[in-house]
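Next up, work06.cif (mmCIF, C-alpha atoms):
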```cif
data_start
#
loop_
_atom_site.label_atom_id
_atom_site.label_comp_id
_atom_site.auth_asym_id
_atom_site.auth_seq_id
_atom_site.Cartn_x
_atom_site.Cartn_y
_atom_site.Cartn_z
CA MET A 1 58.37 91.40 49.70
CA LYS A 2 59.92 89.68 52.74
CA HIS A 3 57.10 90.98 55.00
CA CYS A 4 54.44 89.42 52.76
CA LEU A 5 56.05 85.93 52.78
CA LEU A 6 56.32 85.95 56.56
CA LEU A 7 52.67 86.91 56.96
CA LEU A 8 51.48 84.04 54.82
CA PHE A 9 53.47 81.55 56.85
CA LEU A 10 52.11 82.79 60.12
CA CYS A 11 48.48 82.59 58.82
CA ALA A 12 48.91 79.05 57.79
CA ALA A 13 50.51 77.99 61.00
CA GLY A 14 47.90 79.71 63.08
CA SER A 15 44.96 78.03 61.37
CA GLY A 16 45.66 74.59 62.88
CA LEU A 17 45.22 72.77 59.47
CA ARG A 18 47.54 69.99 58.33
CA ALA A 19 47.72 68.35 54.92
CA GLN A 20 46.94 64.53 54.81
CA PRO A 21 48.70 62.49 52.18
CA SER A 22 46.50 60.39 49.88
CA ALA A 23 46.58 56.58 50.07
CA PRO A 24 48.60 55.09 47.28
CA GLY A 25 46.41 54.42 44.21
CA THR A 26 43.47 56.50 45.51
CA PRO A 27 42.48 59.63 43.59
CA ALA A 28 42.82 62.72 45.68
CA ASP A 29 39.35 63.89 44.64
CA THR A 30 37.43 60.77 45.81
CA ALA A 31 34.34 61.86 47.71
CA ILE A 32 34.28 60.90 51.35
CA GLY A 33 31.70 58.05 51.95
CA ALA A 34 31.31 56.97 48.22
CA ARG A 35 30.23 53.23 47.65
CA PRO A 36 33.05 51.03 46.31
CA GLN A 37 32.64 49.27 42.86
CA CYS A 38 30.60 45.87 42.93
CA PRO A 39 32.07 43.33 40.50
CA ALA A 40 29.95 40.20 39.78
CA PRO A 41 30.50 37.27 37.36
CA ALA A 42 28.78 37.73 33.99
CA ILE A 43 25.86 35.37 33.20
CA ASP A 44 25.55 33.99 29.66
CA LEU A 45 22.47 31.83 29.04
CA GLY A 46 23.34 31.58 25.35
CA PRO A 47 21.50 32.72 22.21
CA ASP A 48 17.75 32.37 21.81
CA ARG A 49 16.75 29.05 20.25
CA ILE A 50 14.13 27.02 18.40
CA ILE A 51 13.79 23.56 19.92
CA CYS A 52 12.03 20.31 19.07
CA ALA A 53 8.79 19.33 20.76
CA ASN A 54 9.38 17.27 23.91
CA ASP A 55 12.98 18.53 24.09
CA SER A 56 14.36 20.93 26.70
CA VAL A 57 17.24 23.37 27.08
CA VAL A 58 19.35 23.36 30.27
CA LEU A 59 19.96 26.98 31.31
CA ASP A 60 22.97 27.48 33.63
CA ALA A 61 23.47 30.81 35.43
CA GLY A 62 27.02 29.84 36.37
CA ALA A 63 29.05 29.67 39.59
CA GLY A 64 30.09 32.43 41.98
CA PHE A 65 26.64 33.35 43.28
CA SER A 66 24.99 32.66 46.62
CA SER A 67 21.41 32.82 45.37
CA TYR A 68 19.43 32.55 42.13
CA LEU A 69 15.92 33.56 41.16
CA TRP A 70 14.37 32.63 37.82
CA SER A 71 11.26 34.12 36.25
CA THR A 72 9.72 30.64 36.62
CA GLY A 73 10.07 30.93 40.42
CA GLU A 74 12.87 28.34 40.61
CA THR A 75 15.90 29.13 42.78
CA THR A 76 18.47 26.62 41.49
CA ARG A 77 21.59 27.37 39.49
CA THR A 78 20.22 25.44 36.46
CA ILE A 79 16.73 24.89 35.10
CA ALA A 80 15.28 22.90 32.17
CA ALA A 81 13.38 25.19 29.79
CA LYS A 82 10.69 23.44 27.69
CA GLN A 83 7.97 25.98 26.93
CA VAL A 84 7.99 28.78 24.37
CA GLY A 85 8.74 32.13 26.04
CA ARG A 86 11.40 34.23 27.79
CA TYR A 87 13.38 33.09 30.83
CA LEU A 88 15.04 35.68 33.14
CA VAL A 89 17.51 34.91 35.93
CA THR A 90 18.75 37.21 38.70
CA ALA A 91 21.81 35.98 40.64
CA THR A 92 23.41 37.56 43.75
CA THR A 93 26.99 37.20 44.97
CA PRO A 94 27.89 36.77 48.66
CA GLY A 95 28.87 40.46 48.69
CA GLY A 96 25.46 41.54 47.49
CA CYS A 97 26.37 42.16 43.85
CA VAL A 98 23.67 41.32 41.28
CA ALA A 99 23.87 39.98 37.69
CA THR A 100 21.06 39.12 35.26
CA ASP A 101 20.53 37.55 31.83
CA GLU A 102 17.62 36.30 29.78
CA PHE A 103 16.94 33.59 27.18
CA GLU A 104 14.03 32.94 24.82
CA ILE A 105 12.62 29.74 23.28
CA ILE A 106 11.26 31.21 20.07
CA ARG A 107 9.13 28.20 19.05
CA THR A 108 9.03 24.39 19.10
CA ASN A 109 9.14 22.25 15.97
CA PRO A 110 6.89 19.15 16.05
CA ALA A 111 8.49 15.74 16.35
CA PRO A 112 8.41 13.74 13.07
CA GLN A 113 5.72 11.07 12.82
CA VAL A 114 6.89 7.71 11.47
CA GLN A 115 4.11 5.78 9.71
CA LEU A 116 5.30 2.17 9.46
CA ASP A 117 2.94 -0.43 7.99
CA GLN A 118 1.33 -1.94 11.09
CA ARG A 119 0.19 -5.21 9.52
CA PRO A 120 1.67 -7.72 11.95
CA TYR A 121 2.38 -10.69 9.69
CA VAL A 122 5.48 -11.94 7.90
CA CYS A 123 4.76 -14.46 5.15
CA PRO A 124 6.97 -17.59 5.17
CA GLY A 125 9.43 -17.74 2.30
CA SER A 126 8.96 -14.11 1.28
CA SER A 127 10.19 -10.68 2.32
CA ARG A 128 8.37 -7.55 3.34
CA ILE A 129 9.47 -3.94 2.84
CA LEU A 130 8.88 -1.30 5.52
CA ASP A 131 9.15 2.35 4.39
CA ALA A 132 9.88 4.94 7.10
CA GLY A 133 8.97 7.94 4.92
CA THR A 134 10.90 11.05 3.83
CA PHE A 135 13.34 12.35 6.46
CA ALA A 136 16.93 13.60 6.68
CA SER A 137 18.38 10.45 8.26
CA TYR A 138 17.40 7.02 9.60
CA ARG A 139 18.68 4.46 12.07
CA TRP A 140 16.98 1.06 12.29
CA HIS A 141 17.24 -1.35 15.18
CA ASP A 142 20.00 -3.30 13.43
CA GLY A 143 22.08 -0.18 12.74
CA SER A 144 21.16 0.19 9.05
CA THR A 145 20.58 3.72 7.81
CA GLY A 146 18.39 3.41 4.71
CA ARG A 147 14.87 4.72 4.22
CA VAL A 148 13.43 1.22 3.76
CA PHE A 149 13.99 -1.97 5.70
CA VAL A 150 13.58 -5.46 4.21
CA VAL A 151 12.00 -7.82 6.73
CA MET A 152 12.84 -11.51 6.38
CA THR A 153 11.89 -12.88 9.81
CA ALA A 154 9.41 -12.11 12.57
CA GLY A 155 10.36 -9.88 15.50
CA LEU A 156 10.33 -6.25 16.63
CA VAL A 157 11.35 -3.74 13.96
CA SER A 158 12.03 -0.15 15.06
CA VAL A 159 13.51 2.99 13.52
CA GLU A 160 14.59 6.43 14.72
CA VAL A 161 14.40 9.23 12.16
CA THR A 162 15.73 12.77 12.14
CA ASP A 163 13.88 15.39 10.13
CA PHE A 164 15.33 18.42 8.38
CA ASN A 165 14.88 20.54 11.53
CA GLY A 166 17.03 18.11 13.51
CA CYS A 167 14.03 16.74 15.43
CA LYS A 168 13.83 13.01 16.14
CA GLY A 169 10.94 10.58 16.04
CA THR A 170 10.53 6.83 16.35
CA GLY A 171 8.33 4.09 14.94
CA SER A 172 8.07 0.36 15.46
CA VAL A 173 6.02 -2.70 14.54
CA GLN A 174 5.95 -6.17 16.11
CA LEU A 175 5.89 -8.84 13.38
CA ILE A 176 4.75 -12.45 13.75
CA PRO A 177 4.66 -15.38 11.27
CA SER A 178 1.55 -15.59 9.12
CA PRO A 179 -0.77 -18.51 10.07
CA ASP A 180 -1.52 -19.44 6.45
CA ILE A 181 -0.01 -19.41 2.98
CA PRO A 182 -2.50 -19.05 0.09
CA GLN A 183 -1.98 -21.30 -2.92
CA ILE A 184 -3.47 -20.71 -6.36
CA ALA A 185 -3.25 -23.03 -9.38
CA LEU A 186 -4.51 -21.98 -12.81
CA PRO A 187 -5.32 -24.55 -15.53
CA ALA A 188 -2.54 -25.89 -17.74
CA ASP A 189 -1.46 -23.96 -20.83
CA THR A 190 -3.92 -24.48 -23.69
CA THR A 191 -4.74 -23.65 -27.31
CA LEU A 192 -8.13 -22.27 -28.36
CA CYS A 193 -9.86 -21.85 -31.69
CA GLN A 194 -10.14 -18.25 -32.81
CA TYR A 195 -13.85 -18.19 -32.00
CA GLN A 196 -13.55 -19.81 -28.59
CA GLN A 197 -13.31 -17.95 -25.32
CA LEU A 198 -11.95 -19.07 -21.98
CA VAL A 199 -13.06 -17.86 -18.56
CA LEU A 200 -10.61 -18.44 -15.74
CA LYS A 201 -12.17 -18.82 -12.30
CA ALA A 202 -10.26 -18.63 -9.02
CA PRO A 203 -11.55 -20.04 -5.72
CA PRO A 204 -13.64 -17.53 -3.78
CA ASN A 205 -11.86 -17.93 -0.44
CA PHE A 206 -9.05 -15.42 -1.01
CA HIS A 207 -8.99 -11.91 0.40
CA ALA A 208 -7.83 -10.15 -2.79
CA TYR A 209 -7.20 -10.91 -6.47
CA ARG A 210 -4.92 -9.21 -9.01
CA TRP A 211 -4.70 -10.33 -12.65
CA SER A 212 -2.05 -9.34 -15.14
CA THR A 213 -4.75 -7.38 -16.99
CA GLY A 214 -5.41 -5.20 -13.93
CA SER A 215 -8.70 -6.92 -13.08
CA THR A 216 -9.37 -7.53 -9.38
CA GLY A 217 -12.23 -10.03 -9.55
CA ALA A 218 -12.20 -13.77 -8.97
CA THR A 219 -12.86 -14.50 -12.68
CA LEU A 220 -11.26 -13.34 -15.91
CA ARG A 221 -12.52 -13.71 -19.47
CA ILE A 222 -9.42 -14.23 -21.61
CA PRO A 223 -9.45 -11.65 -24.41
CA GLY A 224 -6.87 -13.32 -26.67
CA ALA A 225 -3.54 -15.09 -26.90
CA GLY A 226 -0.86 -14.32 -24.32
CA LEU A 227 0.58 -15.10 -20.92
CA TYR A 228 -1.79 -14.36 -18.06
CA TRP A 229 -1.05 -14.49 -14.34
CA LEU A 230 -3.11 -14.23 -11.20
CA GLU A 231 -1.87 -13.17 -7.77
CA VAL A 232 -4.07 -13.89 -4.77
CA ALA A 233 -3.66 -12.60 -1.22
CA SER A 234 -4.79 -13.84 2.15
CA GLU A 235 -6.27 -11.61 4.83
CA GLN A 236 -2.81 -11.51 6.44
CA GLY A 237 -1.30 -10.12 3.22
CA CYS A 238 0.50 -13.28 2.08
CA THR A 239 0.40 -13.87 -1.68
CA SER A 240 0.61 -16.68 -4.23
CA ARG A 241 0.87 -16.42 -8.01
CA ASP A 242 0.36 -18.73 -10.98
CA SER A 243 0.25 -18.20 -14.74
CA ILE A 244 -1.23 -19.72 -17.90
CA ARG A 245 -0.27 -19.33 -21.55
CA ILE A 246 -3.07 -19.16 -24.12
CA ASP A 247 -2.38 -19.80 -27.82
CA ILE A 248 -4.92 -19.27 -30.62
CA LYS A 249 -5.32 -21.40 -33.74
CA GLN A 250 -7.49 -20.93 -36.78
CA CYS A 251 -10.38 -23.43 -36.76
CA ASN A 252 -13.17 -23.96 -39.28
CA ARG A 253 -16.59 -23.40 -37.82
CA TYR A 254 -19.46 -24.98 -39.67
CA PHE A 255 -22.99 -26.39 -39.42
CA PHE A 256 -23.97 -29.31 -41.66
CA VAL A 257 -27.10 -31.49 -41.91
CA PRO A 258 -27.29 -34.48 -44.32
CA THR A 259 -30.19 -34.70 -46.79
CA ALA A 260 -30.75 -38.43 -46.22
CA PHE A 261 -29.79 -41.27 -43.94
CA THR A 262 -30.13 -45.07 -43.90
CA PRO A 263 -30.98 -46.51 -40.45
CA ASN A 264 -30.30 -50.13 -41.52
CA GLY A 265 -27.91 -51.11 -38.73
CA ASP A 266 -24.80 -51.39 -40.89
CA GLY A 267 -22.90 -49.02 -38.64
CA ARG A 268 -22.73 -46.28 -41.24
CA ASN A 269 -25.05 -43.28 -41.31
CA ASP A 270 -27.43 -45.01 -38.86
CA ARG A 271 -28.31 -41.86 -36.89
CA PHE A 272 -29.42 -38.50 -38.14
CA ARG A 273 -28.15 -35.30 -36.50
CA PRO A 274 -26.48 -31.98 -37.41
CA LEU A 275 -22.70 -31.77 -37.45
CA LEU A 276 -21.31 -28.66 -35.75
CA ASP A 277 -17.79 -27.43 -35.10
CA GLY A 278 -17.36 -24.82 -32.39
CA ASN A 279 -18.06 -24.16 -28.76
CA LEU A 280 -21.82 -24.56 -28.32
CA LEU A 281 -23.48 -22.25 -25.85
CA SER A 282 -27.00 -23.61 -26.56
CA TYR A 283 -28.55 -26.28 -28.79
CA GLN A 284 -31.99 -27.73 -29.58
CA PHE A 285 -32.81 -30.14 -32.44
CA ALA A 286 -36.23 -31.56 -33.50
CA ILE A 287 -37.59 -33.78 -36.32
CA PHE A 288 -41.22 -33.77 -37.58
CA ASP A 289 -43.07 -36.17 -39.86
CA ARG A 290 -45.24 -34.97 -42.74
CA TRP A 291 -48.21 -34.50 -40.42
CA GLY A 292 -46.24 -32.20 -38.10
CA ARG A 293 -45.82 -34.75 -35.34
CA ILE A 294 -42.51 -34.64 -33.40
CA VAL A 295 -40.70 -37.93 -33.89
CA PHE A 296 -37.44 -36.89 -32.22
CA GLU A 297 -35.97 -33.99 -30.21
CA SER A 298 -32.80 -33.43 -28.18
CA LYS A 299 -30.69 -30.73 -26.46
CA ASP A 300 -27.60 -32.91 -26.63
CA PRO A 301 -25.66 -32.36 -29.89
CA ARG A 302 -24.15 -35.85 -29.56
CA ARG A 303 -27.52 -37.61 -29.82
CA GLY A 304 -29.16 -38.38 -33.15
CA TRP A 305 -32.41 -39.98 -34.43
CA ASP A 306 -32.28 -43.71 -35.09
CA GLY A 307 -35.34 -43.71 -37.39
CA LYS A 308 -37.74 -45.05 -34.76
CA LEU A 309 -40.69 -43.63 -32.87
CA ALA A 310 -41.69 -45.42 -29.65
CA ALA A 311 -39.41 -48.30 -30.73
CA GLN A 312 -41.24 -48.60 -34.05
CA GLU A 313 -39.29 -48.15 -37.26
CA GLN A 314 -40.56 -45.29 -39.38
CA GLY A 315 -40.94 -45.88 -43.08
CA SER A 316 -39.11 -44.25 -45.90
CA ASN A 317 -40.36 -40.74 -46.27
CA VAL A 318 -39.43 -37.08 -46.19
CA TYR A 319 -39.10 -35.45 -42.77
CA VAL A 320 -38.60 -31.87 -41.56
CA TRP A 321 -35.94 -30.81 -39.10
CA THR A 322 -35.28 -27.58 -37.14
CA CYS A 323 -32.20 -26.66 -35.15
CA SER A 324 -31.64 -23.67 -32.86
CA PHE A 325 -28.05 -23.20 -31.72
CA HIS A 326 -25.58 -20.62 -30.50
CA LEU A 327 -21.90 -21.05 -31.28
CA GLU A 328 -19.45 -19.05 -29.21
CA GLY A 329 -18.19 -16.05 -31.09
CA GLY A 330 -21.33 -15.78 -33.24
CA PRO A 331 -24.99 -14.83 -32.93
CA PRO A 332 -27.82 -17.29 -32.02
CA GLU A 333 -29.21 -19.02 -35.12
CA THR A 334 -32.19 -21.16 -36.14
CA ARG A 335 -32.08 -23.31 -39.26
CA LYS A 336 -34.50 -25.79 -40.82
CA GLY A 337 -34.67 -28.18 -43.74
CA THR A 338 -35.83 -31.61 -44.97
CA PHE A 339 -34.26 -35.02 -45.34
CA THR A 340 -35.24 -38.48 -46.55
CA VAL A 341 -35.24 -41.74 -44.66
CA MET A 342 -34.10 -44.50 -46.97
CA ARG A 343 -34.64 -48.12 -46.04
#
```
Using structure tokens, write down the structure that the file contains.
Amino acid sequence: MKHCLLLLFLCAAGSGLRAQPSAPGTPADTAIGARPQCPAPAIDLGPDRIICANDSVVLDAGAGFSSYLWSTGETTRTIAAKQVGRYLVTATTPGGCVATDEFEIIRTNPAPQVQLDQRPYVCPGSSRILDAGTFASYRWHDGSTGRVFVVMTAGLVSVEVTDFNGCKGTGSVQLIPSPDIPQIALPADTTLCQYQQLVLKAPPNFHAYRWSTGSTGATLRIPGAGLYWLEVASEQGCTSRDSIRIDIKQCNRYFFVPTAFTPNGDGRNDRFRPLLDGNLLSYQFAIFDRWGRIVFESKDPRRGWDGKLAAQEQGSNVYVWTCSFHLEGGPPETRKGTFTVMR
């Protein structure tokens, strides 16, 4: 046993080999010539996003690198991403270490469109309401945050809206005082007979008409009792309104012709004519002698025959009359009869 231990010692000493201690902290089995580890800062471009049209996202690759290369060809640390698509960055440290990351704009949401009424006029003495539309939030030029804005004076009115995707849009209108103020005046309140009708007529120089009945013409035939109003508008959108009250009463409507008259100049029953009550739309009255000759005719219901023909008094006799008339609320009529001149 002693001979064997001595031999082993001599073999080791004769080989010329010496053991080298390992450097502290270095594994003894590290291969000679292996590349050391290459730490580099991590890049975080953030999660993929959906953005609003005309917006951009600033992508920052971070510090600690000596060079940057983006898929867009840019070589700066930060870029502004606007278009839909993927963005890749490769960054290199001064020691040659490389880090990468990528980011995607998934899509762009359109900017909200604000449709303010672009009529430029503000009517003196009245207000005007501007409606920005349906959005998530509003901010007008004066700081108010409602959907509508009440305009009292001329000037620039603007609003910024935010839709339900968080996208922003703006709208504005420049308002100026209206050059004219329309004025409308209806007739005074009145009372009509039940068979009468009234037609209200407005001047033709207005841009638009609106009656309480819903009619939009310049005239209105009153259908019955009630309060009626008319609103007129100028081309600039300024309005004026007036009203009229119509009452209805029961009136007797009749047609009467005497059977005789005495043209003797005593101031009583000296003229012969029909008596009518009602609104006449048409009227024609004629008197004939016994030979069929016309001795009098008129289209004026206030005129009557004085018993003369060509300034000559006609004698006592029987005469024939005819009358064609049309009373409002009834059909056209023609009546005839006879009467006696008594002197």
Name all residues at most 8 Å from stretch 137-152 of chain A (count only C-alpha atoms; drop same-chain ones fewer than 2 positions away) and give them as a list in words.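 Result of the neighbour search: Val122, Ser126, Ser127, Arg128, Ile129, Leu130, Asp131, Ala132, Gly133, Thr134, Phe135, Ala154, Val157, Ser158, Val159, Glu160, Val161, Thr162 and Asp163 of chain A.
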What does the distance from atom CA of A:Gly214 to atom CA of A:Arg245 come to in Å, to one decimal?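 Atom CA of A:Arg245 lies 16.9 Å from atom CA of A:Gly214.
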Looking at A:Phe164, A:Pro124, A:Tyr68, A:Thr93, which one is nearest to A:Asn109, with distances taken over all atoms listed in the file? A:Phe164
Residues at most 12 Å from A:Gln314, counting all atoms listed in the file, excluding those fewer than 2 positions away in the same chain, as a PyMOL selection string? chain A and resi 262-264+288-290+295-296+305-312+316-319+340-343
Can you tell me how far atom CA of A:Ala42 sits from atom CA of A:Pro94, in Å to one decimal?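 Separation of atom CA of A:Ala42 and atom CA of A:Pro94: 14.7 Å.
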Students should find that atom CA of A:Ile43 and atom CA of A:Asn165 are spaced 28.5 Å
